[in-house]
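Colleague: Below is one structure. I have some questions about it.
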Amino acid sequence: MYGGGYIFSEPTQKEQDDHLDDPVMLAAFEARIGQGEKIEPQDWMPYEYRRQLIRLIEQHAHSEVMGALPEGAWITRAPGFRRKLALIAKVQDEIGHGQLLYNAAETLGKPREAMINDLLSGKSKYSNVFNYPAKTWADVTVIGFLIDAAAIVNQVANSKGSYGPYCRALERICYEESFHIKQGYDAFVALALGSASQRQMLQQALNRWWQPIMHFFGPADKNSVHSEQLMRWKVKMASNDAMRQQFLDSYVPKIWELNLTLPDPYLKKNLESGKWEFTEPDWEEFYKVINGDGPCNAERLATRKYAEEHGHWVRQALINSRQQFAIPLA
Amino acid sequence: MKTKSPIVDPRIIRLDLEKSASFNHLGDMEVWGTYEVFHQKKRGDQHIHAGVVHAPDPEMALVFAKEQYGRRLKCANLWVVKTSDIYSIGYENEDMFETVPEKIYREAGGYKLREKISQYKKSITSVNIKERETL
């Protein structure tokens with residue numbers, strides 16, 4: 001699972017001046033991308049391409065790992081054996097995806113440990129949606145169905161990008177994720193067709209998650225002057241708005257057909273333009289949560305730090321795995 | 001004002017995680033090298049490069065490879081090789097392979113005989129007819 005709405009950083013003037021790329025190399029690089037060639041780690045690449053890709057893949061990796069936390073906490077409480085098994089398998093996949101992505105990012109020159117340290121210190125970001133609580137089992141079904149669906153829209157687009165190692169990781173990830181969304185949909189529909197109180201629980205969860213889902217693909221691209229270049233370099237494969245539209249197109253009908261509602265009275269498809277119209281979500285809230293002040297940021301990071309701390313002795317032991325205690329002879 | 005976390009996970013309450021929240025840095029000693037993983041789908045197939053794992057030694061690399069690459073797809077066997085033990089021709093020399101597909105005389109498709117044979121057959125038939133006419 002992946003949180004889109006990644007925030008590419010706009011380079012400062014100084015950064016741009018300090019890293020002027022050789023125009024001949026740059027032209028050759030852009031021509032290769034134009035022809036649909038993949039860029040490999042050993043190839044020449046512009047400074048800004050490398051920097052933004054590290055940021056993108058690293059955020060993606062963190063999102064996979066942090067995304068497993070709200071769901072992992074529900075394994076013990078998942079209703080029934082089948083749902084528990086599916087949830088365990090999904091959580092295990094997500095952690096595996098994190099590793100695949102750390103490896104892909106590492107090919108660009110940032111060590112995995114440095115990425116984990118930046119996550120723990122709060123310097124690196126991950127998808128906002130995982131900073132919201134999963135209060136009930138219905139929240140888990142909304143995550144499994146809709147957040148994973150949104151993630152797939154994003155990941156399928158990215159898998160056609162220009163950086164070889166990232167594309168190869170995504171190919172494997174998309175294959176594994178196809179089951180995630182199905183198991184989420186299955187659990188979602190089970191509640192939607194269930195008792196009155198199950199339906200009510202599901203409706204409340206939908207109401208809670210709608211804004212984070214609308215935040216998921218990030219703010220409109222018009223705010224980023226950098227987007228055009230990143231799209232030309234096939235780092236960013238679709239605009240935030242285009243992905244949001246694609247998501248609404250596929251999934252709003254699936255929600256409405258179950259006679260569930262979405263908490264936006266203006267949400268409708270304009271039949272003339274073919275575009276969805278909706279109330280702009282609160283973008284101030286989006287930035288607030290990204291900068292660490294969401295409902296669960298502290299709790300999620302604390303859980304991650306706990307895992308690192310309690311894995312510390314294992315990692316230490318593995319470094320000298322052949323070392324044995326010897327009893328003094330005399 | 002900081003929003004207080006609404007702790008809803010019983011496991012987190014039980015572990016009292018706030019105490020561990022001070023751990024925020026991996027030491028240099030915890031940096032592991034990478035191993036390239038090769039995955040064989042079924043006996044008799046080639047081992048195909050699948051990806052990378054981080055591990056302190058080859059045995060652990062195999063354990064992680066099994067978790068990472070033998071978990072979902074069919075798998076008969078896995079190899080791991082230390083990344084630093086792999087030698088490669090750089091992409092900067094990619095052009096030396098450019099003429100390889102051009103050498104058509106090394107391909108079955110580079111030899112076209114049917115046309116020649118049918119032309120020969122046609123000429124034989126016309127010769128026979130001419131010979132008969134002169135008799």
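Letters A, B, ... mark the chains of the structure tokens in the order given; residue numbers begin at 1 per chain; ligand numbers begin at 1, in order shown.
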Please determine the contact residues of chain A with respect to chain B at a cut-off of 9 Å, counting only C-alpha atoms, and supply them as a VMD selection string.
Modeller: chain A and resid 40 42 to 43 70 73 to 74 93 96 to 97 99 to 100 103 to 104 111 to 114 116 to 121 133 to 135 168 to 169 176 293 to 299 301 to 310 312 315 to 316 318 to 321
Colleague: Within 10 Å of Ala242 (chain A), counting only C-alpha atoms, which residues show up once you throw out same-chain ones fewer than 4 positions away? Write them as a ChimeraX atom specification, please.
Modeller: /A:217,220-221,238,246-247,275
Colleague: Just want the 9 Å neighbourhood of His47 (chain B), counted on only C-alpha atoms, with same-chain residues fewer than 5 positions away dropped. Output as a PyMOL selection string.
Modeller: chain B and resi 38-41+77-79
Colleague: Can you tell me, as a ChimeraX atom specification, what residues are no more than 10 Å from Arg77 (chain A) when counting only C-alpha atoms, ignoring any on the same chain fewer than 4 positions away?
Modeller: /A:72-73,83-84,136-137
Colleague: As number ranges by chain, list the residues of region 88-283 of chain A assigned to alpha helix (DSSP H) by DSSP on the backbone atoms of this structure.
Modeller: A: 88-106, 112-120, 137-142, 148-158, 164-192, 196-215, 227-232, 240-256, 283
Colleague: Taking into account only C-alpha atoms, which residue in the set A:Glu15, A:Glu106, A:Glu37, A:Asp241 is nearest to Gly164 (chain A)?
Modeller: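 Among A:Glu15, A:Glu106, A:Glu37, A:Asp241, it is A:Glu37 that comes nearest to Gly164 (chain A).
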Colleague: Excluding region 193-208 of chain A and residues on its chain fewer than 3 positions from it, collect all residues at most 7 Å away from it, counting only C-alpha atoms, and give them as an mmCIF file with N, CA and C atoms, in the first residue's frame.
Modeller:
data_model
loop_
_atom_site.group_PDB
_atom_site.id
_atom_site.type_symbol
_atom_site.label_atom_id
_atom_site.label_comp_id
_atom_site.auth_asym_id
_atom_site.auth_seq_id
_atom_site.Cartn_x
_atom_site.Cartn_y
_atom_site.Cartn_z
ATOM 1 N N ALA A 138 -14.544 -1.592 11.049
ATOM 2 C CA ALA A 138 -14.996 -0.983 9.799
ATOM 3 C C ALA A 138 -13.913 -0.071 9.216
ATOM 4 N N ASP A 139 -13.162 0.597 10.071
ATOM 5 C CA ASP A 139 -12.058 1.442 9.578
ATOM 6 C C ASP A 139 -11.041 0.594 8.826
ATOM 7 N N VAL A 142 -12.309 -0.109 5.424
ATOM 8 C CA VAL A 142 -12.207 1.080 4.557
ATOM 9 C C VAL A 142 -10.761 1.261 4.097
ATOM 10 N N VAL A 189 -17.829 -5.160 1.950
ATOM 11 C CA VAL A 189 -19.162 -5.559 1.486
ATOM 12 C C VAL A 189 -19.879 -6.385 2.561
ATOM 13 N N ALA A 190 -19.113 -7.211 3.281
ATOM 14 C CA ALA A 190 -19.723 -8.014 4.346
ATOM 15 C C ALA A 190 -20.412 -7.118 5.373
ATOM 16 N N LEU A 260 -24.539 3.355 0.512
ATOM 17 C CA LEU A 260 -23.791 4.103 1.517
ATOM 18 C C LEU A 260 -23.640 5.531 0.990
ATOM 19 N N LEU A 262 -21.455 9.403 1.022
ATOM 20 C CA LEU A 262 -20.159 10.035 1.282
ATOM 21 C C LEU A 262 -20.434 11.434 1.816
ATOM 22 N N PRO A 263 -19.634 11.870 2.777
ATOM 23 C CA PRO A 263 -19.964 13.108 3.484
ATOM 24 C C PRO A 263 -19.603 14.367 2.697
#
Colleague: Report as a ChimeraX atom specification all protein, DNA and RNA residues lying within 6 Å of Ala61 (chain A), evaluated on only C-alpha atoms, omitting residues in the same chain fewer than 6 positions from it.
Modeller: /A:98,101-102
Colleague: Set the distance at 7 Å and use only C-alpha atoms: which residues neighbour region 45-48 of chain A once local chain neighbours fewer than 5 positions away are removed? I'd like the list as a list in words.
Modeller: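 Answer for this query is His19, Asp21, Leu26 and Phe29 of chain A.
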Colleague: How would the residues just chosen look if you wrote them out with N, CA and C atoms as a short mmCIF file (atom, residue, chain, number, x, y, z; two decimals), in the first residue's frame?
Modeller:
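What follows is the written file part.cif:
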data_model
loop_
_atom_site.label_atom_id
_atom_site.label_comp_id
_atom_site.auth_asym_id
_atom_site.auth_seq_id
_atom_site.Cartn_x
_atom_site.Cartn_y
_atom_site.Cartn_z
N HIS A 19 24.03 23.00 -8.65
CA HIS A 19 24.05 21.72 -9.35
C HIS A 19 23.56 21.87 -10.79
N ASP A 21 23.50 20.99 -14.39
CA ASP A 21 23.87 19.77 -15.11
C ASP A 21 24.49 20.11 -16.46
N LEU A 26 22.51 16.24 -20.28
CA LEU A 26 21.09 16.40 -19.96
C LEU A 26 20.22 16.13 -21.18
N PHE A 29 20.17 12.48 -21.88
CA PHE A 29 19.35 11.82 -20.85
C PHE A 29 17.86 11.98 -21.18
#
Colleague: Could you please determine the separation between CA of Ser178 (chain A) and CA of Gly144 (chain A) in Å, to one decimal place?
Modeller: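 Pair CA of Ser178 (chain A) / CA of Gly144 (chain A) returns 11.1 Å.
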Colleague: Can you check which residues of region 15-114 of chain B DSSP gives as strand (DSSP E or B) on the backbone and send them as a list in words?
Modeller: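 These are the residues in question: Gly33, Thr34, Tyr35, Glu36, Val37, Phe38, His39, Gln40, His47, Ile48, His49, Ala50, Gly51, Val52, Val53, His54, Ala55, Asn77, Leu78, Trp79, Val80, Val81 and Lys82 of chain B.
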